[in-house]
Amino acid sequence: MEKREEINRNFAEMFKGGVIMDVTNPEEARIAEGAGACAVMALERVPAEIRAEGGVARMSDPFMIEEIMKAVTIPVMAKVRIGHFAEALILEELGVDFIDESEVLTPADDCFHIQKNDFRVPFVCGARDLGEALRRIQEGAAMIRTKGEAGTGNIVEAVRHTRAVVSEILHLQGADAGERLKKAREYGVSLELVDQTAEVKRLPVVNFAAGGIATPADAALMMLLGCDGVFVGSGIFKSEEPARRAEAIVKAVVYYQDAAELLKASRNLGIPMKGIGTIAEMISARGNP
Amino acid sequence: MIIGIVAFQGACREHETLLLKRGWSVRRILKGEDLEGTKGLIFPGGESTVMKRFFEEEGFQKAFRRWRDKGHPFWGICAGAVLLSQKVDGRINPCGVIDVSLERNAYGRHRESDSRKIAFNDGTTVEGIFIRAPRITETGASVHIEARSEGDPVVLRDGKAWLTTWHPELRDGAGLYEKVFLQSHGDS
């Protein structure tokens, strides 16, 4: 492995057991940091707004991202459109700590993702199953998250995606050399990457939950299903009491195995984001898988 | 021998793997009562602002103070070193226990994270990974500098308390697990 790729993966390891929160201005960033976020995602509109307002969602104005970078000491991430490597070059130049090549923004390329190995800055990408996750890792992603269904406050898709990855890895562990080779061809990745995944019994990079987390219980559910941490997008600042909810979700991720602490964290948080029960437009299906 | 890993947030798994490989037992520490019976403690890397919220809770502090009185070794790494330093970014850190001043993210953002050559006092050198690393800017009289990188102290010891500003757990440990948890140190 290239040295930079190793250091980028190592950096992602430091997020484990943490909550990464979407913020749209310095004030929200400070609230997130104060509540115990391990990083913030700087963006102009949270997914629920992108969903409601429509239009083309692009990389945020670097000035706005920079203001957030100045406001907090924790790492700052920002999003680029799938395949939009010019946006990525700009964010790398700006010095963001992590780039999310994200389906939440309007895809720029329906055939290719960014060749992330060409960059010094680390990338996180969404995935719905093991093949998609491994393709992104092969392209150079230092971190994977479930796509879930952003902006819905509905956890069902994130659960589906996590269960898919977990069961496919379990299957690989029992597969012989021939079947692993077949899987590598099916996924469009190297046999080495498939073997490595089967050997370590998880994705070879950190794997977070994202897309639909709205309550401490949602966060705990994703941790119990085997995720390393969670992203919360609209779930915090689209709720009635963002600071308290943010703090409670951080607690739920730390104490996800402790029901008494989860009960404490879940109490009296005000109204959560309303959310969408039946999802009409699937953001997670955008871009080339 | 049970070694505790303070597991509020961050890179616990790497330590777990290396401790188990050495035949030691591991316990993740989330509450004060978890400290009972552990013979050593690791404060891992991660985000110090997250860990601080839990580390500074009164119940945990009380239990940690009692545990420290037993004289067992403990070791803070990167963010863990931030928690344990008495002065952070020019301000007194009320829960700090080691007499050093430390500057957070002193090398810059992640863009400046890198591997650097580390030279121990005994002449051995290793490549160490520094991730948004802090820098130790001052050390008290009781603190020994065990290794430096580009002039900066990067491995420090005060009695049985150790700090490293980089991540030995991301490689094979650089011999530090043995140094911290197996050797007894005089203060010579």
# chains A, B, ... in the order shown; residues from 1 in each chain; ligands from 1
>>> residues_around(residues="Val205 (chain A)", least_positions_apart="4", cutoff="8 Å", atoms="only C-alpha atoms", output="list in words")
Arg9, Ala12, Glu13, Ile137, Ala142, Met143 and Ile144 of chain A
>>> write_last_selection(atoms="N, CA and C atoms", output="PDB file, in the first residue's frame")
ATOM      1  N   ARG A   9      -6.024   5.940   5.716  1.00  0.00           N
ATOM      2  CA  ARG A   9      -6.851   4.913   6.384  1.00  0.00           C
ATOM      3  C   ARG A   9      -6.681   4.995   7.896  1.00  0.00           C
ATOM      4  N   ALA A  12      -8.784   7.684   9.368  1.00  0.00           N
ATOM      5  CA  ALA A  12     -10.189   7.271   9.485  1.00  0.00           C
ATOM      6  C   ALA A  12     -10.405   6.395  10.718  1.00  0.00           C
ATOM      7  N   GLU A  13      -9.404   5.589  11.069  1.00  0.00           N
ATOM      8  CA  GLU A  13      -9.527   4.727  12.259  1.00  0.00           C
ATOM      9  C   GLU A  13      -9.775   5.555  13.526  1.00  0.00           C
ATOM     10  N   ILE A 137     -13.304   1.255  -2.340  1.00  0.00           N
ATOM     11  CA  ILE A 137     -12.010   1.087  -1.656  1.00  0.00           C
ATOM     12  C   ILE A 137     -10.903   0.908  -2.694  1.00  0.00           C
ATOM     13  N   ALA A 142     -10.769   5.864   1.731  1.00  0.00           N
ATOM     14  CA  ALA A 142     -10.130   5.508   3.001  1.00  0.00           C
ATOM     15  C   ALA A 142     -11.167   5.164   4.061  1.00  0.00           C
ATOM     16  N   MET A 143     -12.445   5.328   3.699  1.00  0.00           N
ATOM     17  CA  MET A 143     -13.525   5.128   4.664  1.00  0.00           C
ATOM     18  C   MET A 143     -14.798   4.864   3.855  1.00  0.00           C
ATOM     19  N   ILE A 144     -15.664   4.009   4.394  1.00  0.00           N
ATOM     20  CA  ILE A 144     -16.946   3.710   3.744  1.00  0.00           C
ATOM     21  C   ILE A 144     -18.069   4.067   4.711  1.00  0.00           C
TER      22      ILE A 144
END
>>> interface_residues(of="chain B", to="chain A", cutoff="10 Å", atoms="only C-alpha atoms", output="PyMOL selection string")
chain B and resi 7-14+30-31+44-54+79+104-105+108-115+129-132+167+170
>>> residues_around(residues="Ile271 (chain A)", least_positions_apart="5", cutoff="10 Å", atoms="only C-alpha atoms", output="compact mmCIF listing (two decimals) with all heavy atoms, in the first residue's frame")
# COMPACT_ATOMS: atom_id res chain seq x y z
N LYS A 238 -32.40 19.55 12.10
CA LYS A 238 -33.81 19.60 11.71
C LYS A 238 -34.71 19.12 12.85
O LYS A 238 -35.89 18.84 12.66
CB LYS A 238 -34.05 18.72 10.47
CG LYS A 238 -33.50 19.33 9.19
CD LYS A 238 -34.41 20.43 8.68
CE LYS A 238 -33.63 21.47 7.91
NZ LYS A 238 -34.39 22.69 7.67
N SER A 239 -34.13 18.98 14.04
CA SER A 239 -34.93 18.59 15.20
C SER A 239 -35.17 19.82 16.08
O SER A 239 -34.58 20.88 15.86
CB SER A 239 -34.22 17.50 16.01
OG SER A 239 -33.14 18.06 16.74
N GLU A 240 -36.03 19.64 17.07
CA GLU A 240 -36.44 20.79 17.89
C GLU A 240 -35.30 21.31 18.77
O GLU A 240 -35.13 22.51 18.93
CB GLU A 240 -37.63 20.37 18.76
CG GLU A 240 -38.30 21.51 19.46
CD GLU A 240 -39.46 21.03 20.34
OE1 GLU A 240 -39.36 19.92 20.93
OE2 GLU A 240 -40.45 21.75 20.44
N GLU A 241 -34.51 20.38 19.33
CA GLU A 241 -33.44 20.81 20.23
C GLU A 241 -32.12 20.19 19.82
O GLU A 241 -31.68 19.19 20.38
CB GLU A 241 -33.79 20.40 21.66
CG GLU A 241 -35.04 21.09 22.15
CD GLU A 241 -35.13 21.09 23.66
OE1 GLU A 241 -34.09 21.36 24.31
OE2 GLU A 241 -36.20 20.78 24.18
N PRO A 242 -31.47 20.82 18.82
CA PRO A 242 -30.27 20.22 18.22
C PRO A 242 -29.16 19.88 19.22
O PRO A 242 -28.60 18.78 19.16
CB PRO A 242 -29.80 21.30 17.24
CG PRO A 242 -31.02 22.07 16.91
CD PRO A 242 -31.86 22.06 18.13
N ARG A 245 -30.08 16.85 21.39
CA ARG A 245 -30.16 15.64 20.57
C ARG A 245 -28.75 15.19 20.13
O ARG A 245 -28.42 14.02 20.16
CB ARG A 245 -31.06 15.89 19.35
CG ARG A 245 -31.26 14.66 18.47
CD ARG A 245 -32.45 14.83 17.56
NE ARG A 245 -33.68 14.93 18.34
CZ ARG A 245 -34.45 13.89 18.66
NH1 ARG A 245 -34.15 12.68 18.25
NH2 ARG A 245 -35.53 14.05 19.38
>>> select_by_dssp(residues="region 6-182 of chain B", states="helix (DSSP H, G or I)", output="VMD selection string")
chain B and resid 13 to 21 32 to 35 48 to 55 58 to 69 79 to 84 110 to 112 168 to 170 176 to 181
>>> write_last_selection(atoms="N, CA and C atoms", output="compact mmCIF listing (two decimals), in the first residue's frame")
# COMPACT_ATOMS: atom_id res chain seq x y z
N ARG B 13 -9.36 -0.71 18.73
CA ARG B 13 -9.19 -2.04 18.14
C ARG B 13 -7.72 -2.38 17.91
N GLU B 14 -6.94 -1.38 17.47
CA GLU B 14 -5.53 -1.61 17.16
C GLU B 14 -4.77 -2.05 18.41
N HIS B 15 -5.03 -1.38 19.53
CA HIS B 15 -4.37 -1.76 20.79
C HIS B 15 -4.80 -3.15 21.21
N GLU B 16 -6.10 -3.40 21.10
CA GLU B 16 -6.64 -4.69 21.50
C GLU B 16 -5.90 -5.82 20.79
N THR B 17 -5.77 -5.68 19.46
CA THR B 17 -5.10 -6.70 18.66
C THR B 17 -3.67 -6.93 19.15
N LEU B 18 -2.93 -5.83 19.39
CA LEU B 18 -1.53 -5.97 19.77
C LEU B 18 -1.38 -6.49 21.20
N LEU B 19 -2.29 -6.13 22.08
CA LEU B 19 -2.23 -6.64 23.46
C LEU B 19 -2.53 -8.13 23.49
N LEU B 20 -3.56 -8.54 22.74
CA LEU B 20 -3.93 -9.96 22.71
C LEU B 20 -2.80 -10.78 22.11
N LYS B 21 -2.14 -10.23 21.09
CA LYS B 21 -1.00 -10.91 20.45
C LYS B 21 0.11 -11.18 21.47
N GLY B 32 -16.01 4.27 35.58
CA GLY B 32 -15.02 4.16 36.64
C GLY B 32 -14.87 2.75 37.18
N GLU B 33 -16.01 2.06 37.36
CA GLU B 33 -15.92 0.73 37.98
C GLU B 33 -15.20 -0.29 37.09
N ASP B 34 -15.12 0.00 35.78
CA ASP B 34 -14.41 -0.92 34.88
C ASP B 34 -12.91 -0.98 35.18
N LEU B 35 -12.39 0.03 35.89
CA LEU B 35 -10.95 0.09 36.17
C LEU B 35 -10.51 -0.99 37.15
N SER B 48 -9.81 14.29 21.07
CA SER B 48 -9.75 14.60 22.50
C SER B 48 -10.99 15.35 22.98
N THR B 49 -11.59 16.19 22.10
CA THR B 49 -12.77 16.95 22.55
C THR B 49 -13.95 16.02 22.86
N VAL B 50 -14.00 14.87 22.17
CA VAL B 50 -15.05 13.89 22.45
C VAL B 50 -14.77 13.19 23.77
N MET B 51 -13.52 12.69 23.90
CA MET B 51 -13.15 11.91 25.09
C MET B 51 -13.26 12.74 26.37
N LYS B 52 -12.88 14.02 26.27
CA LYS B 52 -12.87 14.93 27.41
C LYS B 52 -14.21 14.94 28.14
N ARG B 53 -15.30 14.95 27.35
CA ARG B 53 -16.64 15.00 27.93
C ARG B 53 -16.88 13.86 28.90
N PHE B 54 -16.33 12.69 28.58
CA PHE B 54 -16.58 11.51 29.41
C PHE B 54 -15.49 11.36 30.47
N PHE B 55 -14.24 11.66 30.08
CA PHE B 55 -13.10 11.54 30.99
C PHE B 55 -13.26 12.46 32.20
N GLU B 58 -17.30 13.44 36.94
CA GLU B 58 -16.82 13.32 38.31
C GLU B 58 -16.61 11.87 38.74
N GLY B 59 -17.56 11.01 38.40
CA GLY B 59 -17.47 9.61 38.80
C GLY B 59 -16.23 8.95 38.22
N PHE B 60 -15.94 9.24 36.97
CA PHE B 60 -14.78 8.62 36.34
C PHE B 60 -13.49 9.17 36.95
N GLN B 61 -13.46 10.49 37.18
CA GLN B 61 -12.26 11.11 37.77
C GLN B 61 -11.94 10.52 39.14
N LYS B 62 -12.98 10.33 39.94
CA LYS B 62 -12.81 9.77 41.28
C LYS B 62 -12.18 8.39 41.20
N ALA B 63 -12.75 7.55 40.33
CA ALA B 63 -12.26 6.19 40.18
C ALA B 63 -10.84 6.18 39.61
N PHE B 64 -10.56 7.08 38.69
CA PHE B 64 -9.23 7.14 38.07
C PHE B 64 -8.18 7.58 39.11
N ARG B 65 -8.55 8.54 39.96
CA ARG B 65 -7.61 8.97 41.01
C ARG B 65 -7.29 7.81 41.95
N ARG B 66 -8.32 7.08 42.35
CA ARG B 66 -8.10 5.92 43.22
C ARG B 66 -7.22 4.89 42.54
N TRP B 67 -7.49 4.66 41.26
CA TRP B 67 -6.72 3.66 40.49
C TRP B 67 -5.26 4.09 40.39
N ARG B 68 -5.01 5.37 40.17
CA ARG B 68 -3.64 5.87 40.02
C ARG B 68 -2.83 5.70 41.29
N ASP B 69 -3.52 5.80 42.45
CA ASP B 69 -2.82 5.64 43.72
C ASP B 69 -2.17 4.27 43.86
N ALA B 79 -4.49 11.93 21.14
CA ALA B 79 -5.61 12.53 21.87
C ALA B 79 -5.56 12.14 23.35
N GLY B 80 -5.13 10.91 23.62
CA GLY B 80 -4.97 10.44 25.00
C GLY B 80 -3.92 11.27 25.75
N ALA B 81 -2.88 11.67 25.03
CA ALA B 81 -1.84 12.53 25.63
C ALA B 81 -2.41 13.91 25.94
N VAL B 82 -3.34 14.37 25.09
CA VAL B 82 -3.98 15.67 25.33
C VAL B 82 -4.75 15.63 26.66
N LEU B 83 -5.51 14.54 26.87
CA LEU B 83 -6.32 14.41 28.09
C LEU B 83 -5.45 14.50 29.34
N LEU B 84 -4.24 13.91 29.26
CA LEU B 84 -3.42 13.73 30.46
C LEU B 84 -2.44 14.87 30.71
N HIS B 110 -5.01 17.56 8.66
CA HIS B 110 -4.62 16.21 8.26
C HIS B 110 -3.66 16.22 7.07
N ARG B 111 -3.76 17.23 6.21
CA ARG B 111 -2.84 17.36 5.08
C ARG B 111 -1.38 17.21 5.55
N GLU B 112 -1.09 17.69 6.76
CA GLU B 112 0.29 17.64 7.28
C GLU B 112 0.57 16.36 8.09
N PRO B 168 2.06 4.42 17.94
CA PRO B 168 2.79 3.14 17.86
C PRO B 168 1.87 1.97 17.52
N GLU B 169 0.58 2.08 17.88
CA GLU B 169 -0.36 0.96 17.67
C GLU B 169 -0.66 0.74 16.19
N LEU B 170 -0.33 1.71 15.34
CA LEU B 170 -0.64 1.55 13.91
C LEU B 170 0.41 0.71 13.20
N LEU B 176 6.99 -0.36 22.65
CA LEU B 176 6.51 0.47 23.76
C LEU B 176 5.57 -0.27 24.72
N TYR B 177 4.82 -1.25 24.21
CA TYR B 177 3.93 -2.00 25.12
C TYR B 177 4.76 -2.65 26.22
N GLU B 178 5.91 -3.22 25.82
CA GLU B 178 6.79 -3.86 26.80
C GLU B 178 7.40 -2.81 27.73
N LYS B 179 7.86 -1.71 27.14
CA LYS B 179 8.49 -0.67 27.97
C LYS B 179 7.50 -0.12 28.99
N VAL B 180 6.27 0.14 28.55
CA VAL B 180 5.29 0.77 29.44
C VAL B 180 4.79 -0.21 30.50
N PHE B 181 4.45 -1.43 30.06
CA PHE B 181 3.71 -2.31 30.97
C PHE B 181 4.55 -3.40 31.65
>>> atom_distance(atom1="CA of Lys160 (chain B)", atom2="CA of His72 (chain B)")
6.9 Å
>>> atom_distance(atom1="CA of Pro47 (chain A)", atom2="CA of Met273 (chain A)")
12.0 Å
